[in-house]
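Here's target22.txt, which has compact mmCIF, C-alpha atoms and all ligand atoms:
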```txt
# COMPACT_ATOMS: atom_id res chain seq x y z
CA MET A 530 21.35 3.48 -0.21
CA SER A 531 18.04 1.80 0.38
CA LEU A 532 15.65 3.73 -1.85
CA ARG A 533 13.86 1.54 -4.40
CA TRP A 534 12.08 3.45 -7.14
CA ILE A 535 9.58 1.87 -9.54
CA ASP A 536 9.10 3.04 -13.14
CA THR A 537 5.48 2.12 -13.92
CA HIS A 538 5.67 3.02 -17.62
CA ASN A 539 8.46 3.09 -20.18
CA HIS A 540 9.35 1.92 -23.72
CA LEU A 541 12.89 0.72 -23.05
CA PHE A 542 12.76 -1.82 -25.90
CA VAL A 543 13.27 0.99 -28.46
CA PHE A 544 16.97 1.07 -27.57
CA LYS A 545 19.60 -1.35 -28.87
CA GLU A 546 20.10 -4.44 -26.69
CA LYS A 547 23.41 -3.28 -25.25
CA GLU A 548 22.02 0.17 -24.46
CA GLN A 549 19.02 -1.32 -22.65
CA VAL A 550 21.32 -3.13 -20.26
CA GLU A 551 23.59 -0.10 -19.80
CA LEU A 552 20.72 2.31 -19.16
CA VAL A 553 19.24 0.01 -16.51
CA SER A 554 22.51 -0.71 -14.72
CA GLN A 555 23.29 3.02 -14.67
CA ALA A 556 19.81 3.69 -13.22
CA LYS A 557 20.16 0.91 -10.63
CA GLU A 558 22.94 2.96 -9.04
CA LYS A 559 20.22 5.49 -8.29
CA GLY A 560 17.70 3.01 -6.94
CA TYR A 561 15.92 1.86 -10.10
CA ALA A 562 14.43 -1.37 -8.74
CA GLY A 563 11.59 -2.26 -11.09
CA ALA A 564 9.79 -1.16 -14.25
CA LEU A 565 6.97 -1.92 -16.64
CA ILE A 566 8.18 -1.94 -20.25
CA CYS A 567 5.11 -1.20 -22.38
CA ALA A 568 4.70 -2.41 -25.96
CA GLY A 569 2.10 -0.59 -28.04
CA GLY A 570 1.71 -2.80 -31.11
CA VAL A 571 1.90 -6.44 -32.15
CA GLU A 572 5.32 -5.92 -33.77
CA ASN A 573 6.72 -4.84 -30.37
CA PHE A 574 5.36 -7.60 -28.12
CA GLU A 575 8.35 -9.90 -28.47
CA LEU A 576 10.83 -6.99 -28.34
CA ALA A 577 9.35 -5.85 -25.02
CA ARG A 578 9.40 -9.42 -23.67
CA GLN A 579 13.05 -9.92 -24.65
CA CYS A 580 13.98 -6.52 -23.20
CA ALA A 581 12.31 -7.49 -19.90
CA ILE A 582 14.15 -10.81 -19.71
CA ARG A 583 17.45 -9.12 -20.60
CA THR A 584 17.10 -6.44 -17.91
CA GLY A 585 15.21 -8.34 -15.21
CA LEU A 586 12.25 -5.95 -15.48
CA SER A 587 8.56 -6.55 -16.27
CA TYR A 588 6.61 -5.90 -19.46
CA ALA A 589 3.12 -5.19 -20.75
CA VAL A 590 1.56 -5.78 -24.17
CA GLY A 591 -1.27 -3.80 -25.71
CA LEU A 592 -2.51 -1.86 -28.71
CA HIS A 593 -1.74 1.86 -28.47
CA PRO A 594 -4.53 4.13 -29.78
CA MET A 595 -2.07 6.23 -31.80
CA TYR A 596 -0.70 3.23 -33.70
CA LEU A 597 -3.85 1.33 -34.64
CA ARG A 598 -3.71 -0.31 -38.04
CA ASP A 599 -6.38 -1.18 -40.57
CA ARG A 600 -5.98 -4.75 -39.43
CA TRP A 601 -6.86 -3.89 -35.83
CA GLN A 602 -9.23 -6.84 -35.55
CA GLU A 603 -6.43 -9.27 -36.39
CA ASP A 604 -4.13 -7.37 -34.02
CA LEU A 605 -6.63 -7.84 -31.20
CA LYS A 606 -6.66 -11.56 -31.96
CA GLU A 607 -2.86 -11.66 -31.93
CA LEU A 608 -2.86 -9.86 -28.60
CA GLU A 609 -5.16 -12.47 -27.17
CA VAL A 610 -3.05 -15.33 -28.58
CA PHE A 611 0.04 -13.74 -27.02
CA LEU A 612 -1.67 -13.35 -23.64
CA GLU A 613 -2.87 -16.95 -23.75
CA LYS A 614 0.60 -18.21 -24.63
CA HIS A 615 2.36 -16.12 -21.96
CA ALA A 616 -0.28 -16.29 -19.22
CA GLU A 617 2.25 -17.89 -16.85
CA ASP A 618 5.20 -15.71 -17.94
CA PRO A 619 6.68 -14.23 -14.73
CA TYR A 620 7.85 -11.16 -16.68
CA LEU A 621 4.37 -10.28 -17.98
CA ALA A 622 2.68 -7.88 -15.53
CA ALA A 623 0.03 -5.84 -17.38
CA ILE A 624 -1.86 -4.94 -20.55
CA GLY A 625 -0.74 -1.71 -22.21
CA GLU A 626 -0.10 0.71 -23.51
CA CYS A 627 -3.72 1.09 -24.53
CA GLY A 628 -6.31 3.83 -24.21
CA LEU A 629 -7.86 6.71 -26.12
CA ASP A 630 -6.47 9.72 -27.96
CA SER A 631 -8.79 12.38 -29.28
CA SER A 632 -6.13 14.94 -30.14
CA GLU A 633 -6.51 16.34 -33.62
CA ALA A 634 -4.39 13.86 -35.54
CA TYR A 635 -6.10 10.79 -34.06
CA ARG A 636 -9.67 11.91 -33.46
CA SER A 637 -10.96 10.55 -36.76
CA ASN A 638 -10.71 6.93 -35.68
CA LEU A 639 -11.98 7.41 -32.16
CA ALA A 640 -14.84 4.97 -32.69
CA ILE A 641 -12.34 2.21 -33.53
CA GLN A 642 -10.12 3.24 -30.62
CA GLU A 643 -13.10 2.77 -28.32
CA ARG A 644 -13.79 -0.73 -29.61
CA VAL A 645 -10.12 -1.71 -29.31
CA LEU A 646 -9.93 -0.32 -25.78
CA SER A 647 -13.05 -2.08 -24.55
CA GLU A 648 -11.77 -5.41 -25.93
CA GLN A 649 -8.49 -4.86 -24.06
CA MET A 650 -10.40 -4.02 -20.89
CA LYS A 651 -12.22 -7.33 -21.22
CA MET A 652 -8.88 -9.11 -21.67
CA SER A 653 -7.60 -7.31 -18.57
CA LYS A 654 -10.37 -8.98 -16.59
CA ARG A 655 -10.07 -12.35 -18.33
CA TYR A 656 -6.31 -12.62 -17.70
CA GLY A 657 -6.17 -10.79 -14.37
CA LEU A 658 -3.71 -8.24 -15.78
CA PRO A 659 -4.03 -4.54 -14.84
CA LEU A 660 -3.98 -1.78 -17.47
CA SER A 661 -1.44 0.90 -18.37
CA LEU A 662 -3.63 3.55 -19.96
CA HIS A 663 -2.97 6.40 -22.36
CA GLY A 664 -5.55 9.19 -22.31
CA ARG A 665 -5.11 12.36 -24.30
CA GLN A 666 -8.02 14.78 -24.50
CA ALA A 667 -10.15 11.79 -23.65
CA MET A 668 -10.38 11.59 -19.86
CA ASP A 669 -14.16 11.62 -19.64
CA LEU A 670 -14.44 9.03 -22.39
CA LEU A 671 -11.95 6.80 -20.57
CA LEU A 672 -14.06 7.15 -17.44
CA LYS A 673 -17.12 6.11 -19.40
CA TYR A 674 -15.46 2.79 -20.32
CA MET A 675 -14.21 2.27 -16.79
CA ARG A 676 -17.74 2.64 -15.53
CA ARG A 677 -19.06 0.29 -18.18
CA LEU A 678 -16.48 -2.44 -17.57
CA ALA A 679 -15.80 -2.00 -13.83
CA PRO A 680 -14.19 -3.42 -11.82
CA LEU A 681 -10.85 -2.78 -13.50
CA LYS A 682 -7.42 -1.95 -12.18
CA GLY A 683 -4.55 0.07 -13.59
CA VAL A 684 -2.71 3.35 -14.02
CA VAL A 685 -3.57 6.38 -16.14
CA HIS A 686 -0.05 7.15 -17.29
CA ALA A 687 1.25 10.72 -17.71
CA PHE A 688 -1.85 12.02 -15.99
CA ASN A 689 -2.77 15.58 -16.93
CA GLY A 690 -6.48 15.77 -16.15
CA SER A 691 -8.34 17.99 -13.73
CA PRO A 692 -8.59 17.39 -9.95
CA ASN A 693 -12.20 16.30 -10.50
CA GLN A 694 -11.17 13.73 -13.12
CA ALA A 695 -8.35 12.55 -10.81
CA GLN A 696 -10.91 11.93 -8.10
CA ARG A 697 -13.15 9.94 -10.42
CA PHE A 698 -10.24 7.73 -11.58
CA MET A 699 -9.39 7.14 -7.92
CA ASP A 700 -13.00 6.20 -7.23
CA PHE A 701 -12.54 3.39 -9.76
CA GLY A 702 -9.38 2.31 -7.92
CA PHE A 703 -7.02 3.61 -10.60
CA LYS A 704 -3.70 5.23 -9.85
CA LEU A 705 -2.19 8.19 -11.67
CA GLY A 706 1.29 8.26 -13.20
CA PHE A 707 3.72 11.21 -13.01
CA GLY A 708 7.15 11.78 -14.54
CA GLY A 709 8.98 14.23 -16.77
CA ALA A 710 6.13 16.73 -17.09
CA ALA A 711 6.20 17.31 -13.32
CA SER A 712 9.70 18.76 -13.74
CA TYR A 713 8.47 21.70 -15.87
CA ASP A 714 7.76 24.93 -14.02
CA GLY A 715 4.99 25.56 -16.53
CA SER A 716 3.14 22.34 -15.65
CA LYS A 717 1.22 24.09 -12.91
CA ARG A 718 -1.79 21.80 -12.89
CA ILE A 719 0.21 18.55 -13.03
CA ARG A 720 2.46 19.72 -10.19
CA LYS A 721 -0.52 20.83 -8.11
CA THR A 722 -2.27 17.48 -8.67
CA LEU A 723 0.84 15.54 -7.66
CA ALA A 724 1.21 17.74 -4.58
CA GLU A 725 -2.34 17.23 -3.38
CA LEU A 726 -3.37 13.67 -4.29
CA PRO A 727 -4.09 11.21 -1.48
CA GLU A 728 -1.02 9.17 -0.62
CA ASP A 729 -2.34 5.95 -2.16
CA ALA A 730 -3.17 7.50 -5.56
CA TRP A 731 0.12 8.26 -7.32
CA VAL A 732 2.95 6.35 -8.98
CA LEU A 733 6.07 7.39 -10.88
CA GLU A 734 7.10 6.74 -14.48
CA THR A 735 9.74 7.86 -16.98
CA ASP A 736 7.83 7.05 -20.20
CA CYS A 737 11.40 6.63 -21.50
CA PRO A 738 12.36 7.81 -24.11
CA ASP A 739 9.32 10.16 -24.26
CA ILE A 740 8.46 13.19 -22.05
CA PRO A 741 12.02 14.40 -21.34
CA PRO A 742 12.59 16.19 -18.03
CA ASP A 743 13.35 19.87 -17.88
CA TRP A 744 17.11 19.30 -17.56
CA ARG A 745 17.37 17.11 -20.67
CA ARG A 746 15.35 19.47 -22.84
CA ASP A 747 18.07 22.05 -22.31
CA ALA A 748 21.02 19.67 -22.48
CA ASN A 749 20.05 17.96 -25.73
CA LYS A 750 17.84 20.16 -27.85
CA ASP A 751 17.78 17.95 -30.94
CA ASN A 752 16.73 14.73 -29.35
CA PRO A 753 15.77 15.17 -25.70
CA MET A 754 14.86 11.93 -23.96
CA SER A 755 13.65 10.73 -20.61
CA LEU A 756 15.93 7.98 -19.28
CA PRO A 757 15.60 5.37 -16.52
CA VAL A 758 18.24 7.23 -14.52
CA ASP A 759 15.84 10.22 -14.27
CA LEU A 760 13.31 8.28 -12.19
CA ALA A 761 15.00 9.01 -8.85
CA ALA A 762 14.89 12.74 -9.65
CA TYR A 763 11.15 12.47 -10.41
CA GLY A 764 10.82 10.85 -6.98
CA GLN A 765 12.64 13.80 -5.42
CA ILE A 766 10.30 16.21 -7.18
CA ALA A 767 7.29 14.28 -5.86
CA ALA A 768 8.72 14.37 -2.33
CA GLU A 769 9.32 18.10 -2.56
CA LEU A 770 5.88 18.88 -3.96
CA ARG A 771 4.16 16.73 -1.36
CA GLY A 772 6.29 18.13 1.47
CA ILE A 773 7.51 14.72 2.63
CA SER A 774 10.92 13.08 2.87
CA GLU A 775 12.41 11.23 -0.06
CA GLU A 776 12.17 7.98 1.94
CA ALA A 777 8.46 8.52 2.59
CA ALA A 778 7.80 9.33 -1.07
CA CYS A 779 9.73 6.25 -2.15
CA ASP A 780 7.76 4.01 0.25
CA GLN A 781 4.44 5.40 -0.94
CA ALA A 782 5.30 5.06 -4.61
CA LEU A 783 6.61 1.51 -4.14
CA LYS A 784 3.54 0.42 -2.20
CA ASN A 785 1.18 2.01 -4.72
CA SER A 786 3.04 0.48 -7.68
CA LEU A 787 2.83 -3.02 -6.24
CA GLU A 788 -0.80 -2.56 -5.27
CA VAL A 789 -1.74 -1.82 -8.86
CA PHE A 790 0.86 -4.09 -10.56
CA PRO A 791 1.25 -6.99 -8.10
CA ARG A 792 3.23 -9.10 -10.61
CA LEU A 793 5.92 -6.44 -11.05
CA LEU A 794 9.43 -7.83 -10.46
CA ILE A 795 11.56 -6.03 -7.88
CA ASN A 796 15.32 -6.22 -8.32
CA ASP A 797 18.12 -6.30 -5.79
CA LEU A 798 20.21 -3.17 -6.08
CA PRO A 799 24.00 -2.75 -6.07
ZN ZN B 801 4.13 5.70 -23.18
```
For this file, write the structure as C-alpha cells.
Amino acid sequence: MSLRWIDTHNHLFVFKEKEQVELVSQAKEKGYAGALICAGGVENFELARQCAIRTGLSYAVGLHPMYLRDRWQEDLKELEVFLEKHAEDPYLAAIGECGLDSSEAYRSNLAIQERVLSEQMKMSKRYGLPLSLHGRQAMDLLLKYMRRLAPLKGVVHAFNGSPNQAQRFMDFGFKLGFGGAASYDGSKRIRKTLAELPEDAWVLETDCPDIPPDWRRDANKDNPMSLPVDLAAYGQIAAELRGISEEAACDQALKNSLEVFPRLLINDLP
C-alpha cells in the first residue's frame, strides 16, 4: 500500500491524548501520512503543538473568527509572541484557523473579524507561514483582503463558494479544501467544483471532528464526527468525481498539499 494522503485541516487536539494517538495510528493503516492540526484560539495553541509532537503531525495557530474574544488585541499579541518563540519549530507549518464568518450569529462583529484577519495575513508574510482560512458567507470579503495583502499563500478550507469565486482564489495562488461535505449527495455544487477544478487547485481535509461524512451521520446520529480514518475515503470520492485513478488523485493531492504547506511533515507508513 503506497498511497499517502494528507489532511490539510483538522482539530485533532480536541480528543484526549490517548485517543489522538489511536485515531492517527488507525488512520495510518489507510495511508494517513500527514496533517495540519489547526488551533483557533490562544488557549489551544499549546494543545495543538503537543498533539502534533505526540502524533508526528504538523500544526497551525491562529484566531478563529467564530471564537474572537473581547480581548482580541491581546490575543493577537499572544499569537505573535507564540510565532516568534516557535519560528524554528519543525512542527509549526501554518497560521490558522483564521478567516471571516458573516453567518447570522457572527455577523455583528465582522469589522473586528476583518481587523484580526488582516493582522494574521501580515503575520503570514512576516513569518513565511501559509494560511488555513475559514470563510462562511464571506468569500468576496476574503478575496478583498487577499487582493489588499497579496502575495499570500494558503488554503480556503471546506470550500463551498461558486466556480467564479474558486477561480479568483486560484488566481491568488490559493488552494481549496474538500472533505466530508463532498460525501453528501445533496452537496451538488461542492461535488461539481471538486470534479472540475484544475489539477493543481484542490487538497483534502477531514476538519475532524467537524463536518462528518455521509456514512457517520447515519451511524452515529447523536454525535457524528469526521475522523482521520475517513480521509482515504474522501480521496476515493475525489478520484471518482474527477474520473481519475485513486493513485493519480493521491499524487495530485499530495503535491498540492506540499506546494501550499511546504513545512508539512510526512510520515512513514506501516
Ligand atoms: Zn476547522
Identify, counting all atoms listed in the file, the protein, DNA and RNA residues located within 9 Å of ligand ZN 801 (chain B), and give them as a PDB file with C-alpha atoms, keeping the file's coordinate frame.
```pdb
ATOM      1  CA  HIS A 538       5.670   3.020 -17.620  1.00  0.00           C
ATOM      2  CA  ASN A 539       8.460   3.090 -20.180  1.00  0.00           C
ATOM      3  CA  HIS A 540       9.350   1.920 -23.720  1.00  0.00           C
ATOM      4  CA  CYS A 567       5.110  -1.200 -22.380  1.00  0.00           C
ATOM      5  CA  ALA A 568       4.700  -2.410 -25.960  1.00  0.00           C
ATOM      6  CA  GLY A 569       2.100  -0.590 -28.040  1.00  0.00           C
ATOM      7  CA  HIS A 593      -1.740   1.860 -28.470  1.00  0.00           C
ATOM      8  CA  GLY A 625      -0.740  -1.710 -22.210  1.00  0.00           C
ATOM      9  CA  GLU A 626      -0.100   0.710 -23.510  1.00  0.00           C
ATOM     10  CA  SER A 661      -1.440   0.900 -18.370  1.00  0.00           C
ATOM     11  CA  LEU A 662      -3.630   3.550 -19.960  1.00  0.00           C
ATOM     12  CA  HIS A 663      -2.970   6.400 -22.360  1.00  0.00           C
ATOM     13  CA  HIS A 686      -0.050   7.150 -17.290  1.00  0.00           C
ATOM     14  CA  ALA A 687       1.250  10.720 -17.710  1.00  0.00           C
ATOM     15  CA  THR A 735       9.740   7.860 -16.980  1.00  0.00           C
ATOM     16  CA  ASP A 736       7.830   7.050 -20.200  1.00  0.00           C
ATOM     17  CA  CYS A 737      11.400   6.630 -21.500  1.00  0.00           C
ATOM     18  CA  PRO A 738      12.360   7.810 -24.110  1.00  0.00           C
ATOM     19  CA  ASP A 739       9.320  10.160 -24.260  1.00  0.00           C
ATOM     20  CA  ILE A 740       8.460  13.190 -22.050  1.00  0.00           C
TER      21      ILE A 740
END
```
Item checked: Residue neighbourhood stretch 637-654 of chain A, 7 Å, all atoms listed in the file, exclusion window fewer than 6 positions, as a ChimeraX atom specification -> /A:594,624,627-629,631,660,674,681
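For the set A:Leu756, A:Arg600, A:Asn573, A:Val685, the residue with the smallest atom-to-atom gap to A:Gln549 is A:Leu756, counting only C-alpha atoms.
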Checklist line | Of the listed residues A:Gly570, A:Pro619, A:Gly709, A:Gly560, that which approaches A:Tyr588 most closely, counting only C-alpha atoms | finding: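 That would be A:Pro619, the residue with the smallest distance to A:Tyr588.
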Next item on the list: Enter the distance from atom CA of A:Gly690 to atom CA of A:Lys750, in Å, rounded to one decimal.
Entry: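 Computed distance, atom CA of A:Gly690 to atom CA of A:Lys750, equals 27.3 Å.
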Note to self: Applying 12 Å and only C-alpha atoms, which residues near A:Asp797 remain after dropping the ones on its own chain fewer than 3 positions away? List them as JSON, numbers by chain.
What the structure shows: {"A": [530, 531, 532, 533, 534, 554, 557, 558, 560, 561, 562, 563, 585, 586, 794]}
Item checked: Two-atom distance - atom CA of A:Glu607, atom CA of A:Arg677 (Å) ->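 These two atoms are separated by 24.4 Å.
We find atom CA of A:Gln781 and atom CA of A:Leu723 to be spaced 12.7 Å apart.
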Next item on the list: Using only C-alpha atoms, find the one residue out of A:Val550, A:Ile766, A:Ala778, A:Ala710 that sits nearest to A:Glu728.
Entry: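 That would be A:Ala778, the residue with the smallest distance to A:Glu728.
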Next item on the list: Determine the nearest neighbour of A:Asp714 from the options A:Leu671, A:Ala623, A:Leu770, A:Leu608, counting all atoms listed in the file.
Entry: A:Leu770
Notebook entry, point to check: Counting all atoms listed in the file, which of A:Asn749, A:Thr584, A:Asn785, A:Ser632 gets nearest to A:Pro727?
Noted result: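 That would be A:Asn785, the residue with the smallest distance to A:Pro727.
Using all atoms listed in the file, every residue with an atom at most 7 Å from the point (-7.3, 13.7, -28.4) is listed here: Asp630, Ser631, Ser632, Glu633, Tyr635, Arg636, Arg665, Gln666 and Ala667 of chain A.
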Leaving out stretch 542-545 of chain A and any residue of its chain fewer than 5 positions from it, which residues lie within 7 Å of it when counting only C-alpha atoms, given as a short mmCIF file (atom, residue, chain, number, x, y, z; two decimals) with C-alpha atoms, in the coordinates of the input?
```
data_model
loop_
_atom_site.label_atom_id
_atom_site.label_comp_id
_atom_site.auth_asym_id
_atom_site.auth_seq_id
_atom_site.Cartn_x
_atom_site.Cartn_y
_atom_site.Cartn_z
CA LEU A 576 10.83 -6.99 -28.34
CA ALA A 577 9.35 -5.85 -25.02
CA CYS A 580 13.98 -6.52 -23.20
#
```
Check: Between A:Leu658, A:Ala777, A:Leu760, A:Ala679, which has the minimum distance to A:Glu613 (counting only C-alpha atoms)?
Finding: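 Nearest candidate to A:Glu613 out of A:Leu658, A:Ala777, A:Leu760, A:Ala679: A:Leu658.
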